[in-house]
file target.pdb (PDB, C-alpha atoms)
ATOM      1  CA  MET A   1      54.462   6.724 115.252
ATOM      2  CA  LEU A   2      55.078   4.451 112.349
ATOM      3  CA  PRO A   3      57.477   1.621 113.014
ATOM      4  CA  GLN A   4      60.603   2.141 110.969
ATOM      5  CA  PRO A   5      62.008  -0.708 108.853
ATOM      6  CA  HIS A   6      64.943  -1.266 111.175
ATOM      7  CA  GLU A   7      62.638  -1.413 114.202
ATOM      8  CA  LEU A   8      60.643  -4.312 112.805
ATOM      9  CA  THR A   9      61.701  -7.848 113.483
ATOM     10  CA  GLU A  10      62.393 -10.230 110.641
ATOM     11  CA  ARG A  11      59.400 -12.267 111.734
ATOM     12  CA  GLU A  12      57.059  -9.287 111.433
ATOM     13  CA  LYS A  13      58.290  -8.588 107.922
ATOM     14  CA  GLU A  14      57.930 -12.216 106.897
ATOM     15  CA  ASP A  15      54.422 -12.482 108.317
ATOM     16  CA  ALA A  16      53.429  -9.286 106.516
ATOM     17  CA  MET A  17      54.817 -10.682 103.288
ATOM     18  CA  GLY A  18      52.870 -13.896 103.826
ATOM     19  CA  ALA A  19      49.576 -11.987 103.619
ATOM     20  CA  TYR A  20      50.147 -11.375  99.908
ATOM     21  CA  LEU A  21      51.374 -14.904  99.301
ATOM     22  CA  MET A  22      47.845 -16.047 100.057
ATOM     23  CA  MET A  23      47.085 -15.093  96.460
ATOM     24  CA  PHE A  24      48.629 -18.384  95.460
ATOM     25  CA  ALA A  25      45.956 -20.120  97.462
ATOM     26  CA  ALA A  26      43.435 -18.112  95.486
ATOM     27  CA  TRP A  27      44.963 -19.376  92.279
ATOM     28  CA  GLY A  28      45.917 -22.869  93.332
ATOM     29  CA  ALA A  29      42.409 -23.723  94.433
ATOM     30  CA  GLY A  30      40.663 -20.502  93.602
ATOM     31  CA  PHE A  31      39.711 -20.883  89.983
ATOM     32  CA  PRO A  32      37.407 -23.838  90.473
ATOM     33  CA  LEU A  33      36.259 -22.580  93.873
ATOM     34  CA  PRO A  34      37.141 -18.883  94.033
ATOM     35  CA  MET A  35      35.928 -18.340  97.599
ATOM     36  CA  VAL A  36      38.450 -20.813  98.938
ATOM     37  CA  GLY A  37      41.252 -18.332  98.326
ATOM     38  CA  LEU A  38      39.303 -15.750 100.243
ATOM     39  CA  ILE A  39      38.911 -18.157 103.157
ATOM     40  CA  ALA A  40      42.701 -18.592 103.248
ATOM     41  CA  SER A  41      43.104 -14.833 103.532
ATOM     42  CA  VAL A  42      40.466 -14.565 106.246
ATOM     43  CA  ILE A  43      42.208 -17.248 108.316
ATOM     44  CA  TYR A  44      45.595 -15.629 107.819
ATOM     45  CA  PHE A  45      44.196 -12.287 108.903
ATOM     46  CA  TYR A  46      42.662 -13.765 112.045
ATOM     47  CA  LEU A  47      45.974 -15.442 112.883
ATOM     48  CA  ASN A  48      47.814 -12.141 112.568
ATOM     49  CA  LYS A  49      45.368  -9.454 113.570
ATOM     50  CA  LYS A  50      46.611  -9.395 117.158
ATOM     51  CA  SER A  51      50.259  -9.396 116.211
ATOM     52  CA  SER A  52      52.182  -6.233 115.400
ATOM     53  CA  PRO A  53      50.380  -3.293 113.712
ATOM     54  CA  PHE A  54      52.632  -3.699 110.682
ATOM     55  CA  THR A  55      51.644  -7.330 110.167
ATOM     56  CA  ALA A  56      47.982  -6.635 110.942
ATOM     57  CA  PHE A  57      47.879  -3.837 108.385
ATOM     58  CA  HIS A  58      49.316  -5.971 105.606
ATOM     59  CA  SER A  59      47.181  -8.969 106.543
ATOM     60  CA  TYR A  60      44.017  -6.917 106.397
ATOM     61  CA  GLN A  61      44.983  -5.198 103.189
ATOM     62  CA  GLY A  62      45.821  -8.593 101.694
ATOM     63  CA  LEU A  63      42.383  -9.824 102.711
ATOM     64  CA  LEU A  64      40.620  -6.814 101.207
ATOM     65  CA  THR A  65      42.423  -7.218  97.904
ATOM     66  CA  HIS A  66      41.112 -10.758  97.721
ATOM     67  CA  ILE A  67      37.451  -9.783  97.879
ATOM     68  CA  PRO A  68      36.977  -8.125  94.449
ATOM     69  CA  ILE A  69      39.149 -10.727  92.721
ATOM     70  CA  SER A  70      37.285 -13.577  94.384
ATOM     71  CA  LEU A  71      33.946 -12.081  93.362
ATOM     72  CA  LEU A  72      35.109 -11.595  89.791
ATOM     73  CA  ASN A  73      36.455 -15.130  89.550
ATOM     74  CA  ALA A  74      33.337 -16.541  91.203
ATOM     75  CA  ALA A  75      31.160 -14.732  88.661
ATOM     76  CA  ALA A  76      33.296 -16.078  85.819
ATOM     77  CA  VAL A  77      33.086 -19.639  87.136
ATOM     78  CA  ILE A  78      29.332 -19.541  87.773
ATOM     79  CA  TRP A  79      28.627 -17.929  84.426
ATOM     80  CA  GLY A  80      30.821 -20.557  82.750
ATOM     81  CA  ILE A  81      28.929 -23.373  84.444
ATOM     82  CA  VAL A  82      25.612 -21.893  83.335
ATOM     83  CA  LEU A  83      26.912 -21.652  79.759
ATOM     84  CA  VAL A  84      28.163 -25.232  79.804
ATOM     85  CA  LEU A  85      24.837 -26.445  81.070
ATOM     86  CA  GLY A  86      23.265 -24.963  77.958
ATOM     87  CA  LYS A  87      21.346 -21.996  79.241
ATOM     88  CA  TYR A  88      22.033 -18.517  77.854
ATOM     89  CA  SER A  89      24.223 -19.915  75.100
ATOM     90  CA  GLY A  90      23.714 -16.733  73.085
ATOM     91  CA  HIS A  91      25.752 -14.723  75.569
ATOM     92  CA  PHE A  92      29.038 -16.442  74.877
ATOM     93  CA  ARG A  93      30.644 -13.351  73.361
ATOM     94  CA  ILE A  94      29.785 -11.250  76.403
ATOM     95  CA  TYR A  95      31.127 -14.009  78.605
ATOM     96  CA  ALA A  96      34.394 -14.074  76.667
ATOM     97  CA  MET A  97      34.734 -10.319  77.152
ATOM     98  CA  PHE A  98      34.033 -10.706  80.836
ATOM     99  CA  CYS A  99      36.736 -13.373  81.083
ATOM    100  CA  VAL A 100      39.230 -11.019  79.424
ATOM    101  CA  PHE A 101      38.227  -8.298  81.876
ATOM    102  CA  ALA A 102      38.628 -10.696  84.807
ATOM    103  CA  GLY A 103      41.966 -11.849  83.404
ATOM    104  CA  ILE A 104      43.265  -8.280  83.274
ATOM    105  CA  TRP A 105      42.199  -7.700  86.874
ATOM    106  CA  ASN A 106      43.866 -10.934  87.929
ATOM    107  CA  ALA A 107      47.068  -9.884  86.187
ATOM    108  CA  LEU A 108      46.976  -6.469  87.879
ATOM    109  CA  TYR A 109      46.262  -8.129  91.188
ATOM    110  CA  MET A 110      49.270 -10.393  90.739
ATOM    111  CA  VAL A 111      51.604  -7.512  89.867
ATOM    112  CA  TYR A 112      50.480  -5.339  92.782
ATOM    113  CA  SER A 113      50.569  -8.260  95.174
ATOM    114  CA  ILE A 114      54.144  -9.085  94.214
ATOM    115  CA  ILE A 115      55.141  -5.438  94.666
ATOM    116  CA  ALA A 116      53.381  -5.350  98.039
ATOM    117  CA  CYS A 117      55.052  -8.598  98.968
ATOM    118  CA  ILE A 118      58.508  -7.172  98.276
ATOM    119  CA  LYS A 119      57.737  -3.918 100.084
ATOM    120  CA  ALA A 120      56.426  -5.777 103.121
ATOM    121  CA  ARG A 121      59.541  -7.943 103.162
ATOM    122  CA  LYS A 122      61.618  -4.776 103.262
ATOM    123  CA  GLY A 123      59.587  -3.512 106.200
ATOM    124  CA  ARG A 124      57.701  -0.837 104.284
ATOM    125  CA  PHE A 125      54.048  -0.028 104.101
ATOM    126  CA  TYR A 126      52.370  -0.338 100.752
ATOM    127  CA  TYR A 127      48.992   1.188 100.135
ATOM    128  CA  PHE A 128      46.555  -0.226  97.663
ATOM    129  CA  TRP A 129      44.331   2.347  96.068
ATOM    130  CA  VAL A 130      41.150   2.944  98.139
ATOM    131  CA  LEU A 131      41.642  -0.196 100.218
ATOM    132  CA  ALA A 132      44.166   1.316 102.621
ATOM    133  CA  ALA A 133      41.520   3.835 103.688
ATOM    134  CA  PHE A 134      39.234   0.961 104.667
ATOM    135  CA  VAL A 135      42.062  -0.604 106.620
ATOM    136  CA  CYS A 136      42.493   2.635 108.538
ATOM    137  CA  GLU A 137      38.775   2.828 109.247
ATOM    138  CA  ILE A 138      38.556  -0.674 110.603
ATOM    139  CA  LEU A 139      41.996  -1.055 112.182
ATOM    140  CA  PRO A 140      42.701   2.462 113.435
ATOM    141  CA  GLY A 141      45.729   1.337 115.421
ATOM    142  CA  ALA A 142      47.354  -0.518 112.570
ATOM    143  CA  GLY A 143      50.452   0.747 110.855
ATOM    144  CA  PRO A 144      50.000   4.038 109.067
ATOM    145  CA  CYS A 145      46.608   4.714 110.654
ATOM    146  CA  ASN A 146      47.900   5.930 113.983
ATOM    147  CA  SER A 147      47.213   9.575 113.394
ATOM    148  CA  ASP A 148      45.557  11.866 110.886
ATOM    149  CA  LYS A 149      48.906  13.014 109.546
ATOM    150  CA  GLN A 150      49.966   9.462 108.991
ATOM    151  CA  ARG A 151      46.702   8.377 107.434
ATOM    152  CA  ALA A 152      47.240   6.456 104.266
ATOM    153  CA  GLU A 153      46.987   8.575 101.156
ATOM    154  CA  PRO A 154      46.983   6.344  98.117
ATOM    155  CA  ALA A 155      48.623   7.914  95.135
ATOM    156  CA  ALA A 156      46.920   8.143  91.750
ATOM    157  CA  GLY A 157      46.986   4.887  89.900
ATOM    158  CA  GLY A 158      46.673   2.820  93.010
ATOM    159  CA  ASN A 159      50.316   2.913  93.825
ATOM    160  CA  VAL A 160      52.478   3.874  96.712
ATOM    161  CA  LYS A 161      52.934   7.137  98.447
ATOM    162  CA  GLN A 162      55.565   6.624 101.081
ATOM    163  CA  PRO A 163      55.179   8.734 104.177
ATOM    164  CA  ASP A 164      57.875  11.353 104.573
ATOM    165  CA  GLN A 165      59.279   9.733 107.631
ATOM    166  CA  TRP A 166      60.463   6.779 105.599
ATOM    167  CA  ARG A 167      62.747   9.074 103.720
ATOM    168  CA  GLY A 168      64.560  11.045 106.331
ATOM    169  CA  SER A 169      63.027  11.556 109.703
ATOM    170  CA  SER A 170      60.977   9.690 112.214
ATOM    171  CA  VAL A 171      59.178  12.896 113.171
ATOM    172  CA  PRO A 172      56.464  13.905 110.685
ATOM    173  CA  GLY A 173      56.552  17.595 109.844
ATOM    174  CA  ASN A 174      59.854  18.050 111.602
ATOM    175  CA  ALA A 175      62.091  16.282 109.193
ATOM    176  CA  CYS A 176      65.003  18.607 109.846
ATOM    177  CA  GLY A 177      64.570  19.062 113.558
ATOM    178  CA  PRO A 178      67.421  18.653 115.970
ATOM    179  CA  ASP A 179      66.485  15.073 116.770
ATOM    180  CA  SER A 180      65.995  14.012 113.174
ATOM    181  CA  ARG A 181      67.777  10.880 112.197
ATOM    182  CA  CYS A 182      68.259   8.915 109.106
ATOM    183  CA  VAL A 183      65.991   5.942 109.326
ATOM    184  CA  VAL A 184      66.783   4.291 106.034
ATOM    185  CA  ARG A 185      69.755   2.064 106.182
ATOM    186  CA  ASP A 186      71.210   2.503 102.736
ATOM    187  CA  SER A 187      73.253   5.637 102.335
ATOM    188  CA  GLN A 188      71.686   6.533  98.988
ATOM    189  CA  SER A 189      68.234   6.896 100.505
ATOM    190  CA  CYS A 190      69.607   8.860 103.416
ATOM    191  CA  ALA A 191      71.356  11.266 101.115
ATOM    192  CA  ARG A 192      68.014  12.121  99.539
ATOM    193  CA  SER A 193      66.497  13.235 102.813
ATOM    194  CA  PRO A 194      65.587  16.917 103.092
ATOM    195  CA  CYS A 195      67.885  17.273 106.107
ATOM    196  CA  GLU A 196      70.855  16.179 104.123
ATOM    197  CA  GLY A 197      70.068  18.735 101.439
ATOM    198  CA  ARG A 198      69.810  21.577 103.963
ATOM    199  CA  LYS A 199      72.935  20.544 105.760
ATOM    200  CA  ARG A 200      74.819  20.583 102.515
ATOM    201  CA  ARG A 201      73.477  23.991 101.610
ATOM    202  CA  GLY A 202      74.278  25.280 105.062
TER     203      GLY A 202
ATOM    204  CA  MET B   1      53.892 -38.913 122.228
ATOM    205  CA  PHE B   2      55.197 -35.389 121.710
ATOM    206  CA  ASP B   3      58.704 -36.402 122.780
ATOM    207  CA  PHE B   4      58.601 -39.407 120.506
ATOM    208  CA  GLN B   5      57.731 -37.250 117.510
ATOM    209  CA  VAL B   6      60.415 -34.707 118.295
ATOM    210  CA  LYS B   7      63.039 -37.422 118.711
ATOM    211  CA  LEU B   8      61.973 -39.020 115.464
ATOM    212  CA  LEU B   9      62.256 -35.681 113.716
ATOM    213  CA  ASN B  10      65.677 -35.179 115.290
ATOM    214  CA  TRP B  11      66.821 -38.485 113.875
ATOM    215  CA  HIS B  12      65.379 -37.624 110.484
ATOM    216  CA  GLN B  13      67.190 -34.301 110.468
ATOM    217  CA  ARG B  14      70.493 -35.939 111.310
ATOM    218  CA  VAL B  15      70.124 -38.338 108.401
ATOM    219  CA  PHE B  16      68.861 -35.633 106.062
ATOM    220  CA  ALA B  17      71.774 -33.317 106.889
ATOM    221  CA  THR B  18      74.286 -36.097 106.385
ATOM    222  CA  MET B  19      72.741 -37.228 103.111
ATOM    223  CA  HIS B  20      72.902 -33.687 101.776
ATOM    224  CA  ASN B  21      76.530 -33.277 102.868
ATOM    225  CA  LEU B  22      75.611 -30.503 105.272
ATOM    226  CA  ILE B  23      77.503 -32.237 108.061
ATOM    227  CA  ASP B  24      80.320 -34.726 108.226
ATOM    228  CA  GLY B  25      80.323 -38.023 110.033
ATOM    229  CA  TYR B  26      77.766 -40.741 110.418
ATOM    230  CA  PRO B  27      74.343 -39.928 111.934
ATOM    231  CA  ALA B  28      73.654 -41.518 115.304
ATOM    232  CA  PHE B  29      71.144 -44.341 115.267
ATOM    233  CA  GLY B  30      68.007 -44.391 117.385
ATOM    234  CA  LEU B  31      65.617 -41.983 118.968
ATOM    235  CA  ASN B  32      67.998 -41.102 121.750
ATOM    236  CA  GLY B  33      70.933 -40.454 119.465
ATOM    237  CA  THR B  34      72.438 -36.997 119.566
ATOM    238  CA  SER B  35      74.570 -34.861 117.348
ATOM    239  CA  ASP B  36      76.540 -31.768 118.207
ATOM    240  CA  LYS B  37      75.958 -30.403 114.709
ATOM    241  CA  VAL B  38      72.223 -30.939 114.253
ATOM    242  CA  THR B  39      69.858 -30.094 117.064
ATOM    243  CA  LEU B  40      66.119 -29.749 116.954
ATOM    244  CA  VAL B  41      64.390 -28.118 119.883
ATOM    245  CA  VAL B  42      60.605 -27.923 119.901
ATOM    246  CA  GLU B  43      58.958 -26.247 122.842
ATOM    247  CA  TYR B  44      56.193 -28.330 124.332
ATOM    248  CA  PRO B  45      52.866 -26.544 123.862
ATOM    249  CA  GLU B  46      50.891 -26.666 127.097
ATOM    250  CA  ARG B  47      47.654 -25.907 125.262
ATOM    251  CA  LEU B  48      46.796 -26.085 121.586
ATOM    252  CA  SER B  49      43.879 -24.222 120.091
ATOM    253  CA  ARG B  50      41.007 -26.588 119.265
ATOM    254  CA  GLY B  51      39.510 -24.107 116.836
ATOM    255  CA  LEU B  52      42.793 -23.831 114.988
ATOM    256  CA  LEU B  53      42.980 -27.596 114.872
ATOM    257  CA  LEU B  54      39.733 -27.724 112.890
ATOM    258  CA  VAL B  55      40.807 -24.828 110.706
ATOM    259  CA  ARG B  56      44.030 -26.665 109.910
ATOM    260  CA  LEU B  57      42.171 -29.846 109.097
ATOM    261  CA  PHE B  58      39.700 -28.277 106.695
ATOM    262  CA  PHE B  59      41.589 -25.302 105.307
ATOM    263  CA  GLY B  60      45.249 -26.072 106.072
ATOM    264  CA  ILE B  61      45.939 -26.866 102.460
ATOM    265  CA  PHE B  62      44.798 -23.408 101.374
ATOM    266  CA  TYR B  63      46.412 -21.117 103.880
ATOM    267  CA  VAL B  64      49.496 -23.162 104.760
ATOM    268  CA  ALA B  65      50.279 -25.781 102.153
ATOM    269  CA  ILE B  66      49.737 -23.776  98.957
ATOM    270  CA  PRO B  67      51.456 -20.495  99.938
ATOM    271  CA  HIS B  68      54.393 -22.244 101.606
ATOM    272  CA  GLY B  69      54.448 -24.963  98.978
ATOM    273  CA  PHE B  70      54.718 -22.365  96.234
ATOM    274  CA  CYS B  71      57.730 -20.687  97.859
ATOM    275  CA  LEU B  72      59.334 -23.951  98.897
ATOM    276  CA  PHE B  73      58.966 -25.377  95.412
ATOM    277  CA  PHE B  74      61.337 -22.780  93.955
ATOM    278  CA  ARG B  75      63.574 -22.852  96.967
ATOM    279  CA  MET B  76      63.894 -26.608  96.778
ATOM    280  CA  ILE B  77      64.838 -26.423  93.103
ATOM    281  CA  ALA B  78      67.602 -23.975  94.025
ATOM    282  CA  THR B  79      68.622 -26.166  96.947
ATOM    283  CA  GLY B  80      68.772 -29.206  94.670
ATOM    284  CA  PHE B  81      71.163 -27.394  92.339
ATOM    285  CA  LEU B  82      73.287 -26.184  95.217
ATOM    286  CA  VAL B  83      73.491 -29.625  96.778
ATOM    287  CA  PHE B  84      74.649 -31.032  93.454
ATOM    288  CA  LEU B  85      77.195 -28.272  92.879
ATOM    289  CA  ALA B  86      78.369 -28.376  96.478
ATOM    290  CA  TRP B  87      79.144 -32.048  96.095
ATOM    291  CA  TRP B  88      81.686 -31.176  93.400
ATOM    292  CA  VAL B  89      83.025 -28.211  95.322
ATOM    293  CA  VAL B  90      83.575 -30.362  98.394
ATOM    294  CA  LEU B  91      85.178 -33.038  96.231
ATOM    295  CA  PHE B  92      87.737 -30.635  94.815
ATOM    296  CA  THR B  93      88.263 -28.104  97.579
ATOM    297  CA  GLY B  94      87.280 -29.978 100.724
ATOM    298  CA  SER B  95      85.027 -27.215 102.006
ATOM    299  CA  TYR B  96      81.352 -26.388 101.619
ATOM    300  CA  PRO B  97      80.716 -22.765 100.526
ATOM    301  CA  ALA B  98      79.346 -20.995 103.595
ATOM    302  CA  THR B  99      76.513 -19.124 101.859
ATOM    303  CA  TRP B 100      75.314 -22.270 100.110
ATOM    304  CA  HIS B 101      75.405 -24.111 103.391
ATOM    305  CA  GLU B 102      73.367 -21.391 105.069
ATOM    306  CA  PHE B 103      70.826 -21.438 102.249
ATOM    307  CA  ASN B 104      70.440 -25.213 102.278
ATOM    308  CA  VAL B 105      70.146 -25.345 106.046
ATOM    309  CA  GLY B 106      67.526 -22.583 105.755
ATOM    310  CA  THR B 107      65.486 -24.710 103.372
ATOM    311  CA  MET B 108      65.717 -27.613 105.778
ATOM    312  CA  ARG B 109      64.623 -25.375 108.643
ATOM    313  CA  TRP B 110      61.691 -23.974 106.657
ATOM    314  CA  MET B 111      60.457 -27.438 105.691
ATOM    315  CA  LEU B 112      60.767 -28.551 109.268
ATOM    316  CA  ARG B 113      58.713 -25.639 110.623
ATOM    317  CA  PHE B 114      56.106 -26.283 107.973
ATOM    318  CA  GLY B 115      55.985 -29.929 109.072
ATOM    319  CA  LEU B 116      55.760 -29.026 112.752
ATOM    320  CA  TYR B 117      52.764 -26.782 112.147
ATOM    321  CA  ASN B 118      50.980 -29.341 110.013
ATOM    322  CA  GLY B 119      51.917 -32.096 112.451
ATOM    323  CA  LEU B 120      50.175 -30.213 115.285
ATOM    324  CA  LEU B 121      53.391 -29.892 117.254
ATOM    325  CA  THR B 122      53.022 -26.138 117.420
ATOM    326  CA  ASP B 123      50.355 -23.472 116.997
ATOM    327  CA  THR B 124      52.769 -20.908 115.611
ATOM    328  CA  TYR B 125      52.260 -20.221 111.931
ATOM    329  CA  PRO B 126      55.565 -20.958 110.146
ATOM    330  CA  PRO B 127      57.456 -17.921 108.865
ATOM    331  CA  PHE B 128      58.132 -17.532 105.165
ATOM    332  CA  SER B 129      61.857 -17.891 105.557
ATOM    333  CA  GLY B 130      64.562 -20.270 106.665
ATOM    334  CA  ARG B 131      66.201 -17.907 109.129
ATOM    335  CA  PRO B 132      66.940 -19.244 112.591
TER     336      PRO B 132
END

call {"tool": "encode", "arguments": {"input": "target.pdb", "output": "structure tokens"}}
result
Amino acid sequence: MLPQPHELTEREKEDAMGAYLMMFAAWGAGFPLPMVGLIASVIYFYLNKKSSPFTAFHSYQGLLTHIPISLLNAAAVIWGIVLVLGKYSGHFRIYAMFCVFAGIWNALYMVYSIIACIKARKGRFYYFWVLAAFVCEILPGAGPCNSDKQRAEPAAGGNVKQPDQWRGSSVPGNACGPDSRCVVRDSQSCARSPCEGRKRRG
Amino acid sequence: MFDFQVKLLNWHQRVFATMHNLIDGYPAFGLNGTSDKVTLVVEYPERLSRGLLLVRLFFGIFYVAIPHGFCLFFRMIATGFLVFLAWWVVLFTGSYPATWHEFNVGTMRWMLRFGLYNGLLTDTYPPFSGRP
């Protein structure tokens, strides 16, 4: 069963958040040496992979998000060096377009990482498009990968699809069962749960 | 050596807290000085990972210093403002706003944990917060 936000310790949430903060390492030292940021993520993952499933999931997802960005930035840096050294000088326009493309991906990466960071701090899972499936394949015990029903299903556009149990019940498929309970602390979220709706109608 | 470092840090924290008006009174001199308002307890690590030691030496700046430094940078700016404002508040009202105090102590705690990890006094990666 997925750990609910109130069941997680503050430390677990903070460690999960830290996985996405490694992006600053990618930027702080990453542009001249893009793979350095990736190394930071690898180390952070290895420090946290044996901790709680929640932290391990976010650490691994944070690591996976670094790979394409690091490769893109590495390509941009290497291509730039080659251009500066005077070879392939005729390809400058293509290089400029590539840099714009890489810049857009970096911007998207930053936005999604900040969102993931906030979600992790709140004790919620956040699924990056495609990548969460890899996390489930490699870390089957981590976070949302515990069962087939709870397998991560990234929504279109690479955004979040929160499992039902975050909304109203800790029991998947039995949201309105006798032992259902509101697992979200704030009353607004609880009021949206399907159980609440049925109770009101009843 | 471990005790010496912890005592030195204790002393530093006493002075730091006093200088930032987080506590009243004069900080006790010396390594063996104590304070009932500032206490630093660091558990002695029986074994430290040698692999992690090398990782910290070569890559510590990337996976510890930059991510924590980024967060602490903004937090320290906020703390600086609060320390300045709190000085005036204390001057006029005689009391330090509790939430500001908690925030500033949190910053101090975060910096200290960051220092302990980098100073090889612990193997536990510092959390991204100043909570106790």

call {"tool": "closest_atom_pairs", "arguments": {"input": "target.pdb", "of": "chain A", "to": "chain B", "cutoff": "10 Å", "atoms": "only C-alpha atoms", "output": "tab-separated table"}}
result
residue	atom	partner	partner_atom	distance
A:Glu10	CA	B:Arg131	CA	8.7
A:Arg11	CA	B:Pro127	CA	6.6
A:Glu12	CA	B:Pro127	CA	9.0
A:Lys13	CA	B:Phe128	CA	9.4
A:Glu14	CA	B:Phe128	CA	5.6
A:Asp15	CA	B:Pro127	CA	6.3
A:Ala16	CA	B:Phe128	CA	9.6
A:Met17	CA	B:Phe128	CA	7.8
A:Gly18	CA	B:Phe128	CA	6.5
A:Ala19	CA	B:Pro67	CA	9.5
A:Tyr20	CA	B:Pro67	CA	9.2
A:Leu21	CA	B:Pro67	CA	5.6
A:Met22	CA	B:Pro67	CA	5.7
A:Met23	CA	B:Pro67	CA	7.8
A:Phe24	CA	B:Pro67	CA	5.7
A:Ala25	CA	B:Phe62	CA	5.2
A:Ala26	CA	B:Phe62	CA	8.0
A:Trp27	CA	B:Ile66	CA	9.3
A:Gly28	CA	B:Ile66	CA	6.9
A:Ala29	CA	B:Phe62	CA	7.3
A:Gly30	CA	B:Phe62	CA	9.3
A:Val36	CA	B:Phe62	CA	7.3
A:Gly37	CA	B:Phe62	CA	6.9
A:Leu38	CA	B:Phe62	CA	9.5
A:Ile39	CA	B:Phe59	CA	7.9
A:Ala40	CA	B:Tyr63	CA	4.5
A:Ser41	CA	B:Tyr63	CA	7.1
A:Val42	CA	B:Tyr63	CA	9.2
A:Ile43	CA	B:Tyr63	CA	7.2
A:Tyr44	CA	B:Tyr63	CA	6.8
A:Leu47	CA	B:Tyr125	CA	8.0
A:Asn48	CA	B:Tyr125	CA	9.2
A:Arg121	CA	B:Phe128	CA	9.9

call {"tool": "write_last_selection", "arguments": {"input": "target.pdb", "atoms": "C-alpha atoms", "output": "mmCIF file, in the frame of the given file"}}
result
data_model
loop_
_atom_site.group_PDB
_atom_site.id
_atom_site.type_symbol
_atom_site.label_atom_id
_atom_site.label_comp_id
_atom_site.auth_asym_id
_atom_site.auth_seq_id
_atom_site.Cartn_x
_atom_site.Cartn_y
_atom_site.Cartn_z
ATOM 1 C CA GLU A 10 62.393 -10.230 110.641
ATOM 2 C CA ARG A 11 59.400 -12.267 111.734
ATOM 3 C CA GLU A 12 57.059 -9.287 111.433
ATOM 4 C CA LYS A 13 58.290 -8.588 107.922
ATOM 5 C CA GLU A 14 57.930 -12.216 106.897
ATOM 6 C CA ASP A 15 54.422 -12.482 108.317
ATOM 7 C CA ALA A 16 53.429 -9.286 106.516
ATOM 8 C CA MET A 17 54.817 -10.682 103.288
ATOM 9 C CA GLY A 18 52.870 -13.896 103.826
ATOM 10 C CA ALA A 19 49.576 -11.987 103.619
ATOM 11 C CA TYR A 20 50.147 -11.375 99.908
ATOM 12 C CA LEU A 21 51.374 -14.904 99.301
ATOM 13 C CA MET A 22 47.845 -16.047 100.057
ATOM 14 C CA MET A 23 47.085 -15.093 96.460
ATOM 15 C CA PHE A 24 48.629 -18.384 95.460
ATOM 16 C CA ALA A 25 45.956 -20.120 97.462
ATOM 17 C CA ALA A 26 43.435 -18.112 95.486
ATOM 18 C CA TRP A 27 44.963 -19.376 92.279
ATOM 19 C CA GLY A 28 45.917 -22.869 93.332
ATOM 20 C CA ALA A 29 42.409 -23.723 94.433
ATOM 21 C CA GLY A 30 40.663 -20.502 93.602
ATOM 22 C CA VAL A 36 38.450 -20.813 98.938
ATOM 23 C CA GLY A 37 41.252 -18.332 98.326
ATOM 24 C CA LEU A 38 39.303 -15.750 100.243
ATOM 25 C CA ILE A 39 38.911 -18.157 103.157
ATOM 26 C CA ALA A 40 42.701 -18.592 103.248
ATOM 27 C CA SER A 41 43.104 -14.833 103.532
ATOM 28 C CA VAL A 42 40.466 -14.565 106.246
ATOM 29 C CA ILE A 43 42.208 -17.248 108.316
ATOM 30 C CA TYR A 44 45.595 -15.629 107.819
ATOM 31 C CA LEU A 47 45.974 -15.442 112.883
ATOM 32 C CA ASN A 48 47.814 -12.141 112.568
ATOM 33 C CA ARG A 121 59.541 -7.943 103.162
#

call {"tool": "residues_around", "arguments": {"input": "target.pdb", "residues": "Tyr26 in chain B", "least_positions_apart": "6", "cutoff": "12 Å", "atoms": "only C-alpha atoms", "output": "list in words"}}
result
Trp11, Arg14, Val15, Phe16, Ala17, Thr18, Met19, Gly33, Thr34, Ser35, Asp36, Lys37 and Val38 of chain B

call {"tool": "write_last_selection", "arguments": {"input": "target.pdb", "atoms": "C-alpha atoms", "output": "PDB file, keeping the file's coordinate frame"}}
result
ATOM      1  CA  TRP B  11      66.821 -38.485 113.875  1.00  0.00           C
ATOM      2  CA  ARG B  14      70.493 -35.939 111.310  1.00  0.00           C
ATOM      3  CA  VAL B  15      70.124 -38.338 108.401  1.00  0.00           C
ATOM      4  CA  PHE B  16      68.861 -35.633 106.062  1.00  0.00           C
ATOM      5  CA  ALA B  17      71.774 -33.317 106.889  1.00  0.00           C
ATOM      6  CA  THR B  18      74.286 -36.097 106.385  1.00  0.00           C
ATOM      7  CA  MET B  19      72.741 -37.228 103.111  1.00  0.00           C
ATOM      8  CA  GLY B  33      70.933 -40.454 119.465  1.00  0.00           C
ATOM      9  CA  THR B  34      72.438 -36.997 119.566  1.00  0.00           C
ATOM     10  CA  SER B  35      74.570 -34.861 117.348  1.00  0.00           C
ATOM     11  CA  ASP B  36      76.540 -31.768 118.207  1.00  0.00           C
ATOM     12  CA  LYS B  37      75.958 -30.403 114.709  1.00  0.00           C
ATOM     13  CA  VAL B  38      72.223 -30.939 114.253  1.00  0.00           C
TER      14      VAL B  38
END

call {"tool": "atom_distance", "arguments": {"input": "target.pdb", "atom1": "CA of Pro132 in chain B", "atom2": "CA of Arg47 in chain B"}}
result
24.0 Å

call {"tool": "atom_distance", "arguments": {"input": "target.pdb", "atom1": "CA of Ala78 in chain B", "atom2": "CA of Cys117 in chain A"}}
result
20.5 Å

call {"tool": "residues_around", "arguments": {"input": "target.pdb", "residues": "range 82-84 of chain A", "least_positions_apart": "6", "cutoff": "12 Å", "atoms": "all atoms listed in the file", "output": "list of chain:residue names"}}
result
A:Ala75, A:Ala76, A:Gly90, A:His91, A:Phe92, A:Arg93, A:Ile94, A:Tyr95, A:Ala96

call {"tool": "closest_residue", "arguments": {"input": "target.pdb", "among": "B:Asp24, B:Phe81, B:Val42, B:Tyr117", "to": "Ser95 in chain B", "atoms": "only C-alpha atoms"}}
result
B:Asp24

call {"tool": "residues_near_point", "arguments": {"input": "target.pdb", "point": "(78.1, -25.7, 100.2)", "cutoff": "12 Å", "atoms": "only C-alpha atoms", "output": "PyMOL selection string"}}
result
chain B and resi 17+20-23+79-91+93-105
